[in-house]
Amino acid sequence: MATPTTMLTTETKTDRKIDTKAAPRHYHITTFGCQMNKADSERMAGILEHMGFQWAENPDEADLILYNTCTIRDNAEQRVYSHLGKQAIRKQEKPDLTLIMAGCVAQQEGEALLRRVPELDLIMGPQHANRLEDLLNEVFQGSQVVATESVEIMEDITKARRDSSVTAWVNVIYGCNERCTYCVVPGVRGVEQSRLPEAIRAEMVELGKQGYKEVTLLGQNIDAYGRDLPGTTPEGRHQHTLTDLLYYIHDVPGIERIRFATSHPRYFTERLIKACAELPKVCELFHIPFQSGDNDILKAMARGYTHQKYRRIIEMIRTYMPDASISADAIVGFPGETEEQFDRTMELVADIGFDHVNTAAYSPRPNTPAALWENQLSEEVKSDRLQRLNHLVNTKVAERSQRYLGRIEEVLVEEKNPKYPHQVMGRTRGNRLTFFPGDIDQLKGKLVQVKITAARAFSLTGGSLDVVSGLRKAIDLSRFE
Ligand code: SAH
Ligand code: SF4
Ligand code: F3S
């Protein structure tokens, strides 16, 4: 969609137009934040390579530097500025250095960034990632460009430069329509925009042809997939849902594993759980943030569920898939959280048996309701609670990891173990990092049966038994028929 870009042309900038046909220029991208940003960076790298740029491992040797930024918590935002400050100084000696700030800080701060860091050439929000070439062409004409207005996200036209040749991210829905009172995401990522099922499938077919084996479907609230697409079924539900999408893409040749994230407890359905149990390629792994174990805090967060509902979801998943991996996010020290309310979060973690939990102390964010409330907690209380929660999480996760000991797990081999080159590493269906002896040249991209001989909190070690030729699904569905 052609939407005008805010363009700020200054005299000084027009003095140093860049001849893009000269010697190859090098680029470096530093990515902060979530999988969404990682996926955007891979697409932007693809666009830059299509434009003739070459990757520079060392940012200090690059002619173009792009920071793809995160603002979920204050410390994430500050990290960006410390990196950027260093390159802004380098630009004083190398005026043809192109500096780009993309992602969520760019969207949040917009034009104000130009006052803070006048060396920036381009400020672009996440919705503009696929437009990088057009925006850069404006920069190379001598403009300082700010692209933060909300747009309809265009389909990719350029092939992404992906970090892995085995696993790939595929966006299915951009943005978020929720209004969790602590969260910047809806403000910086905009309203939900689902990609068409045909476009998602086409991208996966291409990935399958290129030899990719695993795809993770991405959305901030992936259960919202399809709500914004036209069409309803005779029963009155949206025609396109995540569940329908899973059935639609499941048979893409070459792709052997499918994952998805992030799930919202408010919209999680039994239909989705059944699909996951039924479809052999869909991994038994659910990332469902609960944020708090206390109902009043959940209400203040505007999450739209109770801890009882959360527990019921996990029970239902385990009825269909007893061994499913469950991971989550949690926030401690939300405004007004009492010691008793914090204990409810500890209880939930003690009860569920999570495989992984991302924990964070609440951080007040610009333009979010909770940041304005007066009942903020002190940093001491927040960090004390965070420490206590982390301690419990680590103990529980290590306990849960023990169930793998002595078992045979299917591992998709991704890389060499950087510490021990005679070992390879990959992930189980439940997403545990697993190391075992083997030759990466023979095993990369292969599914291998591995006998687990050591289980730590975050990784496993084993010995290979067999390279799997076909798929094996460990779930017996006949129990539910
Ligand atoms: N869409 C996902 C989460 C996206 S943000 C969901 O709905 O759960 C990733 C995680 O960052 C959140 O799950 C939350 O735990 C954390 N987070 C978001 N805003 C935060 C804030 N202001 N302070 C601390 N943690 C925050
Ligand atoms: Fe943020 Fe809530 Fe949207 Fe998740 S669902 S991205 S926490 S507003
Ligand atoms: Fe951060 Fe933006 Fe993701 S704020 S967590 S990079 S959506």
# chains A, B, ... in the order shown; residues from 1 in each chain; ligands from 1
>>> residues_around(residues="segment 372-380 of chain A", least_positions_apart="4", cutoff="8 Å", atoms="only C-alpha atoms", output="PyMOL selection string")
chain A and resi 333-337+368+384
>>> write_last_selection(atoms="C-alpha atoms", output="PDB file, in the first residue's frame")
ATOM      1  CA  GLY A 333       6.067  -6.867  41.278  1.00  0.00           C
ATOM      2  CA  PHE A 334       3.137  -5.623  39.202  1.00  0.00           C
ATOM      3  CA  PRO A 335       1.731  -2.415  40.793  1.00  0.00           C
ATOM      4  CA  GLY A 336      -0.047  -3.211  44.062  1.00  0.00           C
ATOM      5  CA  GLU A 337       1.092  -6.870  44.186  1.00  0.00           C
ATOM      6  CA  THR A 368       0.747   1.981  29.194  1.00  0.00           C
ATOM      7  CA  ASP A 384      13.714  -9.828  45.860  1.00  0.00           C
TER       8      ASP A 384
END
>>> residues_around(residues="Glu49 of chain A", least_positions_apart="3", cutoff="10 Å", atoms="only C-alpha atoms", output="mmCIF file with N, CA and C atoms, in the first residue's frame")
data_model
loop_
_atom_site.group_PDB
_atom_site.id
_atom_site.type_symbol
_atom_site.label_atom_id
_atom_site.label_comp_id
_atom_site.auth_asym_id
_atom_site.auth_seq_id
_atom_site.Cartn_x
_atom_site.Cartn_y
_atom_site.Cartn_z
ATOM 1 N N ARG A 25 29.182 -2.662 -0.397
ATOM 2 C CA ARG A 25 29.115 -2.099 0.941
ATOM 3 C C ARG A 25 28.711 -3.220 1.896
ATOM 4 N N HIS A 26 29.147 -3.096 3.137
ATOM 5 C CA HIS A 26 28.893 -4.148 4.110
ATOM 6 C C HIS A 26 27.862 -3.687 5.143
ATOM 7 N N TYR A 27 27.083 -4.650 5.609
ATOM 8 C CA TYR A 27 26.063 -4.310 6.609
ATOM 9 C C TYR A 27 26.190 -5.204 7.830
ATOM 10 N N ARG A 43 14.386 -11.048 7.399
ATOM 11 C CA ARG A 43 13.822 -10.529 6.140
ATOM 12 C C ARG A 43 14.554 -9.265 5.705
ATOM 13 N N MET A 44 14.904 -8.405 6.680
ATOM 14 C CA MET A 44 15.610 -7.176 6.311
ATOM 15 C C MET A 44 17.013 -7.502 5.787
ATOM 16 N N ALA A 45 17.656 -8.522 6.364
ATOM 17 C CA ALA A 45 18.972 -8.941 5.851
ATOM 18 C C ALA A 45 18.830 -9.426 4.408
ATOM 19 N N GLY A 46 17.758 -10.153 4.128
ATOM 20 C CA GLY A 46 17.490 -10.629 2.768
ATOM 21 C C GLY A 46 17.368 -9.445 1.813
ATOM 22 N N GLY A 52 22.593 -5.779 -2.790
ATOM 23 C CA GLY A 52 24.028 -5.844 -3.068
ATOM 24 C C GLY A 52 24.918 -5.675 -1.842
ATOM 25 N N PHE A 53 24.337 -5.524 -0.677
ATOM 26 C CA PHE A 53 25.154 -5.410 0.541
ATOM 27 C C PHE A 53 25.676 -6.791 0.951
ATOM 28 N N GLN A 54 26.829 -6.798 1.611
ATOM 29 C CA GLN A 54 27.383 -8.061 2.108
ATOM 30 C C GLN A 54 27.487 -8.014 3.632
ATOM 31 N N TRP A 55 27.308 -9.155 4.257
ATOM 32 C CA TRP A 55 27.321 -9.244 5.720
ATOM 33 C C TRP A 55 28.721 -8.965 6.276
ATOM 34 N N THR A 158 11.216 -10.409 -1.085
ATOM 35 C CA THR A 158 12.613 -10.836 -1.123
ATOM 36 C C THR A 158 12.789 -12.046 -0.221
ATOM 37 N N LYS A 159 13.726 -12.914 -0.605
ATOM 38 C CA LYS A 159 14.008 -14.093 0.206
ATOM 39 C C LYS A 159 14.755 -13.691 1.476
ATOM 40 N N ALA A 160 14.284 -14.155 2.628
ATOM 41 C CA ALA A 160 14.962 -13.819 3.888
ATOM 42 C C ALA A 160 16.342 -14.468 3.934
ATOM 43 N N ARG A 161 17.279 -13.802 4.622
ATOM 44 C CA ARG A 161 18.572 -14.444 4.900
ATOM 45 C C ARG A 161 18.434 -15.043 6.290
#
>>> residues_around(residues="segment 252-266 of chain A", least_positions_apart="6", cutoff="8 Å", atoms="only C-alpha atoms", output="JSON, numbers by chain")
{"A": [201, 204, 205, 207, 208, 209, 211, 212, 213, 214, 215, 216, 217, 218, 219, 220, 221, 222, 223, 281, 282, 283, 285, 286, 287, 288, 289, 290, 303, 304, 305, 309, 310, 313, 429, 471]}
>>> write_last_selection(atoms="C-alpha atoms", output="CSV table (one decimal), in the first residue's frame")
chain,number,residue,atom,x,y,z
A,201,ARG,CA,1.7,-22.2,2.9
A,204,MET,CA,6.5,-23.1,3.8
A,205,VAL,CA,6.6,-25.0,0.5
A,207,LEU,CA,11.3,-23.6,2.8
A,208,GLY,CA,10.6,-27.3,2.4
A,209,LYS,CA,12.2,-27.2,-1.1
A,211,GLY,CA,15.8,-28.3,2.9
A,212,TYR,CA,14.3,-26.7,6.0
A,213,LYS,CA,12.9,-29.3,8.4
A,214,GLU,CA,11.2,-27.2,11.1
A,215,VAL,CA,8.9,-24.2,11.1
A,216,THR,CA,7.8,-22.1,14.0
A,217,LEU,CA,4.7,-20.1,13.3
A,218,LEU,CA,4.8,-16.7,14.9
A,219,GLY,CA,2.4,-14.2,16.4
A,220,GLN,CA,2.3,-12.1,19.6
A,221,ASN,CA,-1.1,-13.6,20.2
A,222,ILE,CA,-1.2,-16.5,17.7
A,223,ASP,CA,-4.7,-17.6,18.8
A,281,LYS,CA,4.2,-32.9,12.7
A,282,VAL,CA,3.0,-30.5,15.3
A,283,CYS,CA,5.2,-30.7,18.3
A,285,LEU,CA,5.1,-27.9,23.1
A,286,PHE,CA,3.0,-25.0,24.3
A,287,HIS,CA,4.2,-21.6,25.3
A,288,ILE,CA,1.3,-20.1,27.3
A,289,PRO,CA,2.3,-17.1,29.5
A,290,PHE,CA,0.3,-16.9,32.7
A,303,ARG,CA,-5.6,-10.6,31.0
A,304,GLY,CA,-9.1,-11.9,30.8
A,305,TYR,CA,-8.7,-15.3,32.6
A,309,LYS,CA,-8.9,-21.4,33.9
A,310,TYR,CA,-5.1,-21.5,33.3
A,313,ILE,CA,-6.0,-25.5,30.1
A,429,ARG,CA,10.1,-32.3,20.1
A,471,LEU,CA,7.9,-39.8,11.4
>>> residues_near_ligand(ligand="ligand 3", cutoff="8 Å", atoms="only C-alpha atoms and all ligand atoms", output="list in words")
Phe32, Gly33, Cys34, Gln35, Met36, Asn37, Asn68, Thr69, Cys70, Thr71, Ile72, Arg73, Ala76, Gly103, Cys104, Val105, Val184, Val185, Val188, Arg189 and Gln220 of chain A
>>> write_last_selection(atoms="N, CA, C and O atoms", output="PDB file, in the first residue's frame")
ATOM      1  N   PHE A  32      17.653  -7.151  18.957  1.00  0.00           N
ATOM      2  CA  PHE A  32      17.247  -7.265  20.359  1.00  0.00           C
ATOM      3  C   PHE A  32      15.818  -7.801  20.364  1.00  0.00           C
ATOM      4  O   PHE A  32      15.095  -7.658  19.382  1.00  0.00           O
ATOM      5  N   GLY A  33      15.404  -8.372  21.524  1.00  0.00           N
ATOM      6  CA  GLY A  33      13.979  -8.666  21.670  1.00  0.00           C
ATOM      7  C   GLY A  33      13.554 -10.047  21.231  1.00  0.00           C
ATOM      8  O   GLY A  33      14.346 -10.984  21.240  1.00  0.00           O
ATOM      9  N   CYS A  34      12.290 -10.141  20.808  1.00  0.00           N
ATOM     10  CA  CYS A  34      11.637 -11.440  20.683  1.00  0.00           C
ATOM     11  C   CYS A  34      11.820 -12.069  19.306  1.00  0.00           C
ATOM     12  O   CYS A  34      12.459 -11.511  18.423  1.00  0.00           O
ATOM     13  N   GLN A  35      11.188 -13.226  19.128  1.00  0.00           N
ATOM     14  CA  GLN A  35      11.282 -13.966  17.865  1.00  0.00           C
ATOM     15  C   GLN A  35      10.734 -13.159  16.691  1.00  0.00           C
ATOM     16  O   GLN A  35      11.199 -13.298  15.563  1.00  0.00           O
ATOM     17  N   MET A  36       9.770 -12.296  17.008  1.00  0.00           N
ATOM     18  CA  MET A  36       9.197 -11.434  15.961  1.00  0.00           C
ATOM     19  C   MET A  36      10.283 -10.563  15.353  1.00  0.00           C
ATOM     20  O   MET A  36      10.387 -10.405  14.144  1.00  0.00           O
ATOM     21  N   ASN A  37      11.104  -9.994  16.225  1.00  0.00           N
ATOM     22  CA  ASN A  37      12.196  -9.159  15.756  1.00  0.00           C
ATOM     23  C   ASN A  37      13.236  -9.985  15.003  1.00  0.00           C
ATOM     24  O   ASN A  37      13.799  -9.532  14.011  1.00  0.00           O
ATOM     25  N   ASN A  68      17.775  -3.534  15.314  1.00  0.00           N
ATOM     26  CA  ASN A  68      16.362  -3.898  15.389  1.00  0.00           C
ATOM     27  C   ASN A  68      16.028  -4.018  16.868  1.00  0.00           C
ATOM     28  O   ASN A  68      16.492  -4.919  17.551  1.00  0.00           O
ATOM     29  N   THR A  69      15.241  -3.093  17.363  1.00  0.00           N
ATOM     30  CA  THR A  69      15.217  -2.815  18.799  1.00  0.00           C
ATOM     31  C   THR A  69      13.977  -3.335  19.527  1.00  0.00           C
ATOM     32  O   THR A  69      12.943  -3.585  18.919  1.00  0.00           O
ATOM     33  N   CYS A  70      14.120  -3.438  20.854  1.00  0.00           N
ATOM     34  CA  CYS A  70      13.056  -3.935  21.733  1.00  0.00           C
ATOM     35  C   CYS A  70      12.835  -2.938  22.864  1.00  0.00           C
ATOM     36  O   CYS A  70      13.794  -2.379  23.398  1.00  0.00           O
ATOM     37  N   THR A  71      11.595  -2.749  23.253  1.00  0.00           N
ATOM     38  CA  THR A  71      11.295  -1.807  24.338  1.00  0.00           C
ATOM     39  C   THR A  71      10.379  -2.428  25.395  1.00  0.00           C
ATOM     40  O   THR A  71       9.722  -1.734  26.147  1.00  0.00           O
ATOM     41  N   ILE A  72      10.376  -3.756  25.451  1.00  0.00           N
ATOM     42  CA  ILE A  72       9.433  -4.435  26.348  1.00  0.00           C
ATOM     43  C   ILE A  72       9.651  -4.043  27.809  1.00  0.00           C
ATOM     44  O   ILE A  72       8.709  -3.892  28.570  1.00  0.00           O
ATOM     45  N   ARG A  73      10.945  -3.877  28.197  1.00  0.00           N
ATOM     46  CA  ARG A  73      11.265  -3.393  29.544  1.00  0.00           C
ATOM     47  C   ARG A  73      12.305  -2.296  29.401  1.00  0.00           C
ATOM     48  O   ARG A  73      13.005  -2.219  28.390  1.00  0.00           O
ATOM     49  N   ALA A  76      15.840  -3.261  28.334  1.00  0.00           N
ATOM     50  CA  ALA A  76      15.978  -3.620  26.908  1.00  0.00           C
ATOM     51  C   ALA A  76      16.203  -2.348  26.100  1.00  0.00           C
ATOM     52  O   ALA A  76      17.052  -2.295  25.203  1.00  0.00           O
ATOM     53  N   GLY A 103      12.434  -1.438  14.456  1.00  0.00           N
ATOM     54  CA  GLY A 103      11.831  -2.172  15.566  1.00  0.00           C
ATOM     55  C   GLY A 103      11.053  -1.303  16.532  1.00  0.00           C
ATOM     56  O   GLY A 103      10.597  -0.203  16.206  1.00  0.00           O
ATOM     57  N   CYS A 104      10.925  -1.821  17.747  1.00  0.00           N
ATOM     58  CA  CYS A 104       9.933  -1.291  18.683  1.00  0.00           C
ATOM     59  C   CYS A 104      10.344   0.023  19.358  1.00  0.00           C
ATOM     60  O   CYS A 104       9.485   0.860  19.622  1.00  0.00           O
ATOM     61  N   VAL A 105      11.641   0.237  19.641  1.00  0.00           N
ATOM     62  CA  VAL A 105      12.040   1.543  20.197  1.00  0.00           C
ATOM     63  C   VAL A 105      11.836   2.611  19.116  1.00  0.00           C
ATOM     64  O   VAL A 105      11.367   3.723  19.397  1.00  0.00           O
ATOM     65  N   VAL A 184       3.720  -2.734  26.047  1.00  0.00           N
ATOM     66  CA  VAL A 184       3.916  -1.778  24.944  1.00  0.00           C
ATOM     67  C   VAL A 184       3.573  -2.370  23.580  1.00  0.00           C
ATOM     68  O   VAL A 184       3.456  -1.628  22.602  1.00  0.00           O
ATOM     69  N   VAL A 185       3.455  -3.699  23.515  1.00  0.00           N
ATOM     70  CA  VAL A 185       3.386  -4.330  22.187  1.00  0.00           C
ATOM     71  C   VAL A 185       2.259  -3.786  21.293  1.00  0.00           C
ATOM     72  O   VAL A 185       2.516  -3.427  20.143  1.00  0.00           O
ATOM     73  N   VAL A 188       3.320  -0.512  19.805  1.00  0.00           N
ATOM     74  CA  VAL A 188       4.436  -0.461  18.855  1.00  0.00           C
ATOM     75  C   VAL A 188       4.277  -1.407  17.666  1.00  0.00           C
ATOM     76  O   VAL A 188       4.883  -1.189  16.622  1.00  0.00           O
ATOM     77  N   ARG A 189       3.477  -2.428  17.820  1.00  0.00           N
ATOM     78  CA  ARG A 189       3.307  -3.387  16.702  1.00  0.00           C
ATOM     79  C   ARG A 189       1.988  -3.190  15.962  1.00  0.00           C
ATOM     80  O   ARG A 189       1.745  -3.837  14.946  1.00  0.00           O
ATOM     81  N   GLN A 220       2.291 -12.557  18.170  1.00  0.00           N
ATOM     82  CA  GLN A 220       2.306 -12.137  19.579  1.00  0.00           C
ATOM     83  C   GLN A 220       1.151 -12.779  20.323  1.00  0.00           C
ATOM     84  O   GLN A 220       1.243 -13.089  21.493  1.00  0.00           O
TER      85      GLN A 220
END
>>> closest_residue(among="A:Val151, A:Ile317, A:Cys176, A:Leu405", to="ligand 1", atoms="only C-alpha atoms and all ligand atoms")
A:Cys176
